[in-house]
Every structure is written in structure tokens, then in C-alpha cells.
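As C-alpha cells, the structure follows; a few thoughts come after it.
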Amino acid sequence: MSLGREPGPGKSCLAAMLSPANAPDYDALVATTNVEDMTEDEDNRYILQLMMDDDGDFSGLCLCSESNAMDDYDEYHPKSSEELGWVGHFAKKSTHLEEFGLSGSDDEIFSNCSKQSVDRFIDDIGKCNHIK
């Protein structure tokens, strides 16, 4: 989507603005955005809250496809490019995230995400200095 175009049904203005040249400033947005606005999914909301709080007990993250989800507390299925952006933002800031994995094919895991948001996520996860 390009700037100036109204977001489609179920899309936020932020999601409509996602592009490499116009990546959201999550540092600025986090001050005015609560976790309920980041995702509608309750399980994903729980994980985002742990990451947002930099919870010391949350040391592993697994992005998974819906078909590979096993209801583990560390599994996250991104429902949108915007959600993936938040996961990447909190991952790169984490002082406790030591493990990261994928469960399922890239096409399944990132089926709801743009290529640009996946590229940004990979860049963000690479900035997490604690992943072994």
C-alpha cells in the first residue's frame, strides 16, 4: 500500500504506511500504544507484553505457522506486518532473549506479512546481542 491510500478493512493506518522508506518509528509509537492495539490475538498479546516488559523469564521466541502452533508460551504467529514489526522492535531491545527459532515454512509463518516487514524483522532480530 502506498501513502495517501486508505487502509483496507481490518488494516490500521500504520499497516498502510509500511514501506522501506517509511518504516514506523516504534520507539516513538511505544509510548502511546498499548499491547491491545498491537494485536487482537490473545496469545500473541501475552508474548508481546512479556517482550515489551523485557521479562527476565522470557528467553526464547519461536515464530510459527498456525498449523505448527503447539500452544507453547513462546510461540508467536504474526498476523500482520505491523505485528511482526512490534516483535522485531522488542526483540532487538531485549536483554533476555537468548533463543530464536522458526517452526513451519517461511511462506506459512509470514503469510500475513509483506516482504519488506520480513526483511526489517530479520534485520531487527540480528541486532539482538543475546541470541546464541
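Labels for the C-alpha cells follow display order: chains A, B, ..., residues from 1 in each chain, ligands from 1.
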Tell me, as a VMD selection string, which residues lie within 6 Å of stretch 103-115 of chain A, counting only C-alpha atoms; anything in the same chain fewer than 2 positions away does not count. chain A and resid 64 to 65 79 to 81 117 to 118
Name all residues at most 10 Å from A:Cys128 (count only C-alpha atoms; drop same-chain ones fewer than 4 positions away) and give them as a PyMOL selection string. chain A and resi 88-98+123-124+132
For each of A:Glu83, A:Asp74, A:Asp55, A:Asp119, take the minimum atom-to-atom distance to A:Glu36, counting only C-alpha atoms, then give the residue where this is smallest. A:Glu83
Calculate how many Å separate atom CA of A:His77 from atom CA of A:Asp43, rounding to one decimal. 9.0 Å
d(atom CA of A:Leu84, atom CA of A:Ala28) in Å: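 Between these atoms lies a distance of 16.8 Å.
By only C-alpha atoms, and with residues fewer than 6 positions from A:Asn34 along its chain excluded, the set lying at most 10 Å from it is A:Arg45, A:Gln49, A:Met52.
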Between atom CA of A:Thr32 and atom CA of A:Ile131, measure the distance and give it in Å to one decimal. 28.3 Å
